[in-house]
Structures are given as C-alpha cells and as structure tokens.
>>> print(open('query.cif').read())   # mmCIF, C-alpha atoms
data_model
loop_
_atom_site.group_PDB
_atom_site.id
_atom_site.type_symbol
_atom_site.label_atom_id
_atom_site.label_comp_id
_atom_site.auth_asym_id
_atom_site.auth_seq_id
_atom_site.Cartn_x
_atom_site.Cartn_y
_atom_site.Cartn_z
ATOM 1 C CA MET A 1 107.600 102.414 90.665
ATOM 2 C CA MET A 2 107.151 103.260 87.001
ATOM 3 C CA ILE A 3 108.790 106.691 87.123
ATOM 4 C CA ASP A 4 112.451 107.337 87.937
ATOM 5 C CA ILE A 5 112.418 108.383 91.601
ATOM 6 C CA ARG A 6 114.831 111.235 90.943
ATOM 7 C CA GLU A 7 112.498 112.644 88.306
ATOM 8 C CA ALA A 8 109.495 112.179 90.608
ATOM 9 C CA TYR A 9 111.301 114.090 93.359
ATOM 10 C CA ARG A 10 112.312 116.905 91.002
ATOM 11 C CA ARG A 11 108.739 117.237 89.768
ATOM 12 C CA ALA A 12 107.354 117.210 93.311
ATOM 13 C CA LEU A 13 109.750 120.008 94.282
ATOM 14 C CA ASP A 14 108.687 121.942 91.175
ATOM 15 C CA GLY A 15 105.057 121.580 92.241
ATOM 16 C CA PHE A 16 105.857 122.849 95.716
ATOM 17 C CA GLY A 17 107.803 125.762 94.261
ATOM 18 C CA ASN A 18 104.895 126.655 91.986
ATOM 19 C CA ARG A 19 102.557 126.869 94.995
ATOM 20 C CA LEU A 20 105.175 128.768 96.986
ATOM 21 C CA HIS A 21 105.168 131.517 94.337
ATOM 22 C CA LEU A 22 101.471 132.040 95.164
ATOM 23 C CA VAL A 23 101.990 132.759 98.875
ATOM 24 C CA ALA A 24 100.901 136.331 99.597
ATOM 25 C CA ASP A 25 102.653 138.495 102.174
ATOM 26 C CA ASP A 26 99.759 138.083 104.613
ATOM 27 C CA GLN A 27 99.635 134.261 104.323
ATOM 28 C CA TRP A 28 102.862 133.204 106.061
ATOM 29 C CA GLU A 29 101.161 132.716 109.408
ATOM 30 C CA LEU A 30 98.147 130.794 108.091
ATOM 31 C CA PRO A 31 97.688 127.300 109.574
ATOM 32 C CA THR A 32 98.414 124.247 107.425
ATOM 33 C CA PRO A 33 97.055 120.698 107.611
ATOM 34 C CA CYS A 34 100.319 119.846 109.424
ATOM 35 C CA VAL A 35 99.605 120.177 113.119
ATOM 36 C CA ASP A 36 101.496 123.053 114.747
ATOM 37 C CA TRP A 37 102.909 124.353 111.424
ATOM 38 C CA ASP A 38 101.939 127.576 109.773
ATOM 39 C CA VAL A 39 102.911 128.294 106.158
ATOM 40 C CA ARG A 40 106.341 129.639 107.116
ATOM 41 C CA ALA A 41 107.125 126.604 109.301
ATOM 42 C CA LEU A 42 106.058 124.250 106.501
ATOM 43 C CA VAL A 43 108.298 126.020 103.988
ATOM 44 C CA ASN A 44 111.125 126.042 106.533
ATOM 45 C CA HIS A 45 110.703 122.265 106.907
ATOM 46 C CA MET A 46 110.958 121.771 103.148
ATOM 47 C CA VAL A 47 114.054 123.954 102.838
ATOM 48 C CA ASN A 48 115.602 122.130 105.789
ATOM 49 C CA GLU A 49 115.009 118.759 104.106
ATOM 50 C CA ASN A 50 116.454 120.081 100.856
ATOM 51 C CA LEU A 51 119.587 121.280 102.645
ATOM 52 C CA TRP A 52 120.074 117.893 104.320
ATOM 53 C CA ALA A 53 119.745 115.905 101.072
ATOM 54 C CA PRO A 54 123.190 116.706 99.592
ATOM 55 C CA GLU A 55 124.833 116.099 102.960
ATOM 56 C CA LEU A 56 123.245 112.706 103.566
ATOM 57 C CA LEU A 57 123.506 111.510 99.969
ATOM 58 C CA SER A 58 127.240 112.267 100.053
ATOM 59 C CA GLY A 59 127.620 109.884 103.003
ATOM 60 C CA ARG A 60 127.793 112.342 105.883
ATOM 61 C CA THR A 61 126.072 111.408 109.125
ATOM 62 C CA VAL A 62 123.568 113.412 111.146
ATOM 63 C CA GLY A 63 126.259 113.860 113.790
ATOM 64 C CA GLU A 64 128.744 115.209 111.269
ATOM 65 C CA VAL A 65 126.263 117.797 109.981
ATOM 66 C CA GLY A 66 125.252 118.652 113.529
ATOM 67 C CA ASP A 67 123.017 121.663 114.039
ATOM 68 C CA ALA A 68 123.979 123.436 110.799
ATOM 69 C CA TYR A 69 120.353 123.543 109.633
ATOM 70 C CA ASP A 70 118.567 124.012 112.948
ATOM 71 C CA GLY A 71 116.112 126.871 113.326
ATOM 72 C CA ASP A 72 115.023 129.280 110.621
ATOM 73 C CA VAL A 73 116.714 128.492 107.310
ATOM 74 C CA LEU A 74 114.499 130.849 105.284
ATOM 75 C CA GLY A 75 116.013 134.198 106.174
ATOM 76 C CA ASP A 76 114.439 137.270 104.605
ATOM 77 C CA ASP A 77 113.623 135.595 101.283
ATOM 78 C CA PRO A 78 111.828 132.248 101.710
ATOM 79 C CA LEU A 79 111.296 131.853 97.964
ATOM 80 C CA LYS A 80 114.990 132.310 97.193
ATOM 81 C CA ALA A 81 115.919 129.961 100.071
ATOM 82 C CA PHE A 82 113.599 127.290 98.695
ATOM 83 C CA GLU A 83 114.789 127.632 95.112
ATOM 84 C CA ALA A 84 118.473 127.439 96.060
ATOM 85 C CA SER A 85 117.917 124.476 98.383
ATOM 86 C CA ALA A 86 115.765 122.632 95.832
ATOM 87 C CA GLN A 87 118.423 123.097 93.160
ATOM 88 C CA GLY A 88 121.061 121.637 95.489
ATOM 89 C CA ALA A 89 118.827 118.716 96.446
ATOM 90 C CA VAL A 90 118.039 117.862 92.827
ATOM 91 C CA GLN A 91 121.726 117.991 91.913
ATOM 92 C CA ALA A 92 122.459 115.657 94.817
ATOM 93 C CA VAL A 93 119.907 113.022 93.805
ATOM 94 C CA TYR A 94 121.251 113.000 90.238
ATOM 95 C CA ALA A 95 124.888 112.754 91.371
ATOM 96 C CA GLU A 96 126.727 109.572 90.451
ATOM 97 C CA GLY A 97 126.041 106.861 93.011
ATOM 98 C CA ALA A 98 123.212 108.686 94.819
ATOM 99 C CA LEU A 99 120.719 105.871 94.253
ATOM 100 C CA THR A 100 123.016 103.216 95.687
ATOM 101 C CA SER A 101 124.774 105.253 98.350
ATOM 102 C CA VAL A 102 124.220 104.471 102.005
ATOM 103 C CA THR A 103 122.447 107.339 103.724
ATOM 104 C CA HIS A 104 122.880 107.598 107.449
ATOM 105 C CA LEU A 105 119.533 108.785 108.783
ATOM 106 C CA SER A 106 118.676 109.416 112.413
ATOM 107 C CA PHE A 107 116.897 106.050 112.680
ATOM 108 C CA GLY A 108 119.454 103.991 110.741
ATOM 109 C CA ASP A 109 121.133 103.441 107.411
ATOM 110 C CA VAL A 110 119.077 103.156 104.216
ATOM 111 C CA PRO A 111 119.911 102.965 100.512
ATOM 112 C CA GLY A 112 119.946 106.275 98.676
ATOM 113 C CA ASP A 113 116.924 105.409 96.550
ATOM 114 C CA ASP A 114 114.854 104.730 99.696
ATOM 115 C CA TYR A 115 115.837 108.113 101.120
ATOM 116 C CA ILE A 116 115.018 109.855 97.835
ATOM 117 C CA THR A 117 111.628 108.127 97.794
ATOM 118 C CA GLU A 118 110.905 109.484 101.276
ATOM 119 C CA LEU A 119 111.948 112.976 100.147
ATOM 120 C CA PHE A 120 109.690 112.696 97.103
ATOM 121 C CA ALA A 121 106.667 111.602 99.104
ATOM 122 C CA ASP A 122 107.165 114.346 101.685
ATOM 123 C CA ALA A 123 107.494 117.005 98.978
ATOM 124 C CA LEU A 124 104.365 115.781 97.200
ATOM 125 C CA ILE A 125 102.171 115.679 100.296
ATOM 126 C CA HIS A 126 103.461 119.034 101.539
ATOM 127 C CA THR A 127 102.629 120.535 98.142
ATOM 128 C CA TRP A 128 98.992 119.769 98.877
ATOM 129 C CA ASP A 129 99.383 121.052 102.455
ATOM 130 C CA LEU A 130 100.718 124.376 101.178
ATOM 131 C CA ALA A 131 98.024 124.674 98.526
ATOM 132 C CA ARG A 132 95.276 123.943 101.061
ATOM 133 C CA ALA A 133 96.674 126.529 103.492
ATOM 134 C CA ILE A 134 96.849 129.375 100.969
ATOM 135 C CA GLY A 135 93.801 128.493 98.876
ATOM 136 C CA GLY A 136 95.970 127.549 95.889
ATOM 137 C CA PRO A 137 95.522 124.784 93.329
ATOM 138 C CA GLU A 138 95.272 121.492 95.228
ATOM 139 C CA ARG A 139 95.322 119.085 92.288
ATOM 140 C CA LEU A 140 98.582 117.113 92.322
ATOM 141 C CA ASP A 141 100.286 115.511 89.322
ATOM 142 C CA PRO A 142 98.354 112.222 88.839
ATOM 143 C CA GLU A 143 101.478 110.281 87.845
ATOM 144 C CA LEU A 144 103.205 111.382 91.047
ATOM 145 C CA VAL A 145 100.120 110.534 93.111
ATOM 146 C CA GLU A 146 100.108 107.034 91.624
ATOM 147 C CA ALA A 147 103.831 106.530 92.278
ATOM 148 C CA CYS A 148 103.526 107.779 95.842
ATOM 149 C CA ALA A 149 100.446 105.647 96.548
ATOM 150 C CA GLU A 150 102.177 102.531 95.249
ATOM 151 C CA TRP A 151 105.164 103.084 97.565
ATOM 152 C CA PHE A 152 103.141 104.292 100.540
ATOM 153 C CA ALA A 153 100.856 101.255 100.571
ATOM 154 C CA GLU A 154 103.737 99.323 102.119
ATOM 155 C CA ALA A 155 105.386 102.180 104.045
ATOM 156 C CA GLN A 156 102.409 103.752 105.802
ATOM 157 C CA GLU A 157 102.311 101.512 108.878
ATOM 158 C CA GLY A 158 105.916 102.366 109.688
ATOM 159 C CA TYR A 159 105.163 106.071 109.334
ATOM 160 C CA ARG A 160 102.068 105.752 111.496
ATOM 161 C CA GLN A 161 103.889 103.806 114.210
ATOM 162 C CA ALA A 162 106.644 106.441 114.219
ATOM 163 C CA GLY A 163 103.968 109.086 114.818
ATOM 164 C CA VAL A 164 104.890 111.191 111.803
ATOM 165 C CA ILE A 165 101.480 110.971 110.112
ATOM 166 C CA GLY A 166 97.929 111.124 111.350
ATOM 167 C CA ASP A 167 95.380 108.348 111.490
ATOM 168 C CA HIS A 168 94.116 106.987 108.195
ATOM 169 C CA ARG A 169 90.858 108.693 107.276
ATOM 170 C CA ASP A 170 87.869 106.968 105.757
ATOM 171 C CA VAL A 171 86.995 108.295 102.314
ATOM 172 C CA PRO A 172 83.832 108.283 100.228
ATOM 173 C CA ALA A 173 83.407 105.179 98.068
ATOM 174 C CA ASP A 174 83.886 107.244 94.897
ATOM 175 C CA ALA A 175 87.067 108.978 96.107
ATOM 176 C CA ASP A 176 89.767 109.518 93.512
ATOM 177 C CA ALA A 177 93.394 108.399 93.830
ATOM 178 C CA GLN A 178 94.579 111.720 95.261
ATOM 179 C CA THR A 179 91.877 111.762 97.940
ATOM 180 C CA ARG A 180 92.765 108.180 98.904
ATOM 181 C CA LEU A 181 96.486 108.987 99.100
ATOM 182 C CA LEU A 182 95.933 112.066 101.232
ATOM 183 C CA ALA A 183 93.610 110.100 103.532
ATOM 184 C CA ALA A 184 96.346 107.490 103.985
ATOM 185 C CA TRP A 185 98.587 110.352 105.167
ATOM 186 C CA GLY A 186 95.896 111.488 107.603
ATOM 187 C CA ARG A 187 94.630 114.400 105.509
ATOM 188 C CA ARG A 188 90.995 115.208 104.844
ATOM 189 C CA SER A 189 90.783 116.685 101.358
ATOM 190 C CA TRP A 190 87.058 116.372 100.668
#
>>> encode(input="query.cif", output="structure tokens")
Amino acid sequence: MMIDIREAYRRALDGFGNRLHLVADDQWELPTPCVDWDVRALVNHMVNENLWAPELLSGRTVGEVGDAYDGDVLGDDPLKAFEASAQGAVQAVYAEGALTSVTHLSFGDVPGDDYITELFADALIHTWDLARAIGGPERLDPELVEACAEWFAEAQEGYRQAGVIGDHRDVPADADAQTRLLAAWGRRSW
C-alpha cells in the first residue's frame, strides 16, 4: 500500500464525517445499501467500531471489554458521538506501537496494521453507503479507493466466506476504479 494506513484511515473517517454532517433530521430512518441497516444503524456501527479501536489496539481482548459498547452508542447527538469516537480512534492508531501491536479480535489475533487496514476499508465503504442513503456526494477519494482495492483484492474471499459482504457484482466494461471496488464489496453503484 502506497499510503500510510493510519493516514488512509484518518482520511476515510473524515470522509464519513463530512457525509454525516449532511444527514437531515428526516433521514435517520432511510435504508442504506447495508442490508437491515438504516442511516442511524450504520452510524451506530461506525461509532461502535471507533470505540473498540483504542481498546483493541491497547491489547485488551473482546472479553475484557465485554458489552461496554453494545446497543445504541449514539445517544441524543449522533454527530458529536461520531466526532468524539473518531478522534479517539485516530489517536489510537497513531499511538506508539499500534502498527505492531497484537490485536485480539473475535476471530483471532492479528497485527495492529492488519486491524487498522480493516477499519480503514470499512470506513471507506460505509462512507459511500451513507452518501447513497442520503443522496449525498458519492465520489470517494481516488487514492483511498486505490489503496483499498489493492488490499481487498487478496482479502475479499475471506470476507465473502465469513458472510460479511455480498456477492461480487458484475460491472460494465468501462467501470471506473470506485465502481469496481464497490462491486467487489457487493454494492451496485451504477
């Protein structure tokens, strides 16, 4: 990957936050491309992931954290919840040793940089999901799309087998890099 994964993650979170600022009061219950998630559930997922990042990158296990972040983590101010959680997550990925730390995920232990890469990819794809749901700007940062596509080319079968993404979609022959990446994640963007 050409870009520092921490910087890619920070930029992906910024992109999500930019779209989140566009959510109107009457859009929280709109469906998203993520099956069974409306806008509020999607944002709740992102905040939840952000809250877990400092815990896992510091070496804590899922069992140690327990159910601290179960349920609604947005409260009355989803934007404020996202911004605070994103700030904490970014600080955690830039902390000394985060890239080489062992993170204890639910499916096993992985190096910190692998975990951060997964966080980055999830944030990037969910930025498009949020934009599509609210009718916001869907164009993603091309450098981040390229970095994600490079990583996901090898990771997608594992994601598909785990059932966390949809089937790969066929794309038009002239599809751009973003369309191809989203199709690999099971999204139809054209």
>>> resolve_selection(input="query.cif", expression="the PyMOL selection byres ((chain A and resi 170) around 9)", output="PyMOL selection string")
chain A and resi 168-169+171-172+180+183-184+188
>>> closest_residue(input="query.cif", among="A:Asp129, A:Arg139, A:Ala173, A:Ala162", to="Cys34 (chain A)", atoms="all atoms listed in the file")
A:Asp129
>>> resolve_selection(input="query.cif", expression="the PyMOL selection byres ((chain A and resi 93) around 10)", output="ChimeraX atom specification")
/A:5-7,9-10,53-54,57-58,88-92,94-99,112-113,115-116
>>> write_last_selection(input="query.cif", atoms="C-alpha atoms", output="PDB file, keeping the file's coordinate frame")
ATOM      1  CA  ILE A   5     112.418 108.383  91.601  1.00  0.00           C
ATOM      2  CA  ARG A   6     114.831 111.235  90.943  1.00  0.00           C
ATOM      3  CA  GLU A   7     112.498 112.644  88.306  1.00  0.00           C
ATOM      4  CA  TYR A   9     111.301 114.090  93.359  1.00  0.00           C
ATOM      5  CA  ARG A  10     112.312 116.905  91.002  1.00  0.00           C
ATOM      6  CA  ALA A  53     119.745 115.905 101.072  1.00  0.00           C
ATOM      7  CA  PRO A  54     123.190 116.706  99.592  1.00  0.00           C
ATOM      8  CA  LEU A  57     123.506 111.510  99.969  1.00  0.00           C
ATOM      9  CA  SER A  58     127.240 112.267 100.053  1.00  0.00           C
ATOM     10  CA  GLY A  88     121.061 121.637  95.489  1.00  0.00           C
ATOM     11  CA  ALA A  89     118.827 118.716  96.446  1.00  0.00           C
ATOM     12  CA  VAL A  90     118.039 117.862  92.827  1.00  0.00           C
ATOM     13  CA  GLN A  91     121.726 117.991  91.913  1.00  0.00           C
ATOM     14  CA  ALA A  92     122.459 115.657  94.817  1.00  0.00           C
ATOM     15  CA  TYR A  94     121.251 113.000  90.238  1.00  0.00           C
ATOM     16  CA  ALA A  95     124.888 112.754  91.371  1.00  0.00           C
ATOM     17  CA  GLU A  96     126.727 109.572  90.451  1.00  0.00           C
ATOM     18  CA  GLY A  97     126.041 106.861  93.011  1.00  0.00           C
ATOM     19  CA  ALA A  98     123.212 108.686  94.819  1.00  0.00           C
ATOM     20  CA  LEU A  99     120.719 105.871  94.253  1.00  0.00           C
ATOM     21  CA  GLY A 112     119.946 106.275  98.676  1.00  0.00           C
ATOM     22  CA  ASP A 113     116.924 105.409  96.550  1.00  0.00           C
ATOM     23  CA  TYR A 115     115.837 108.113 101.120  1.00  0.00           C
ATOM     24  CA  ILE A 116     115.018 109.855  97.835  1.00  0.00           C
TER      25      ILE A 116
END
>>> closest_residue(input="query.cif", among="A:Gly59, A:Ile165, A:Val110, A:Thr100", to="Ile125 (chain A)", atoms="all atoms listed in the file")
A:Ile165
>>> atom_distance(input="query.cif", atom1="CA of Gly166 (chain A)", atom2="CA of Pro33 (chain A)")
10.3 Å
>>> resolve_selection(input="query.cif", expression="the PyMOL selection byres ((chain A and resi 63-79) around 7)", output="ChimeraX atom specification")
/A:20,44,47-48,60-62,80-83
>>> closest_residue(input="query.cif", among="A:Gln27, A:Asn50, A:Leu130, A:Leu124", to="Gln87 (chain A)", atoms="all atoms listed in the file")
A:Asn50
>>> residues_around(input="query.cif", residues="Leu181 (chain A)", least_positions_apart="6", cutoff="12 Å", atoms="all atoms listed in the file", output="number ranges by chain")
A: 121, 124-125, 128, 140, 142, 144-153, 156, 168-171, 175, 187-189
>>> residues_around(input="query.cif", residues="Phe16 (chain A)", least_positions_apart="3", cutoff="7 Å", atoms="only C-alpha atoms", output="mmCIF file with C-alpha atoms, in the frame of the given file")
data_model
loop_
_atom_site.group_PDB
_atom_site.id
_atom_site.type_symbol
_atom_site.label_atom_id
_atom_site.label_comp_id
_atom_site.auth_asym_id
_atom_site.auth_seq_id
_atom_site.Cartn_x
_atom_site.Cartn_y
_atom_site.Cartn_z
ATOM 1 C CA ALA A 12 107.354 117.210 93.311
ATOM 2 C CA LEU A 13 109.750 120.008 94.282
ATOM 3 C CA ARG A 19 102.557 126.869 94.995
ATOM 4 C CA LEU A 20 105.175 128.768 96.986
ATOM 5 C CA ALA A 123 107.494 117.005 98.978
ATOM 6 C CA THR A 127 102.629 120.535 98.142
#
>>> atom_distance(input="query.cif", atom1="CA of Ile134 (chain A)", atom2="CA of Ala84 (chain A)")
22.3 Å
>>> atom_distance(input="query.cif", atom1="CA of Trp28 (chain A)", atom2="CA of Ala177 (chain A)")
29.2 Å
>>> residues_around(input="query.cif", residues="Met46 (chain A)", least_positions_apart="5", cutoff="9 Å", atoms="only C-alpha atoms", output="number ranges by chain")
A: 41, 51, 82, 85-86, 122-123, 126
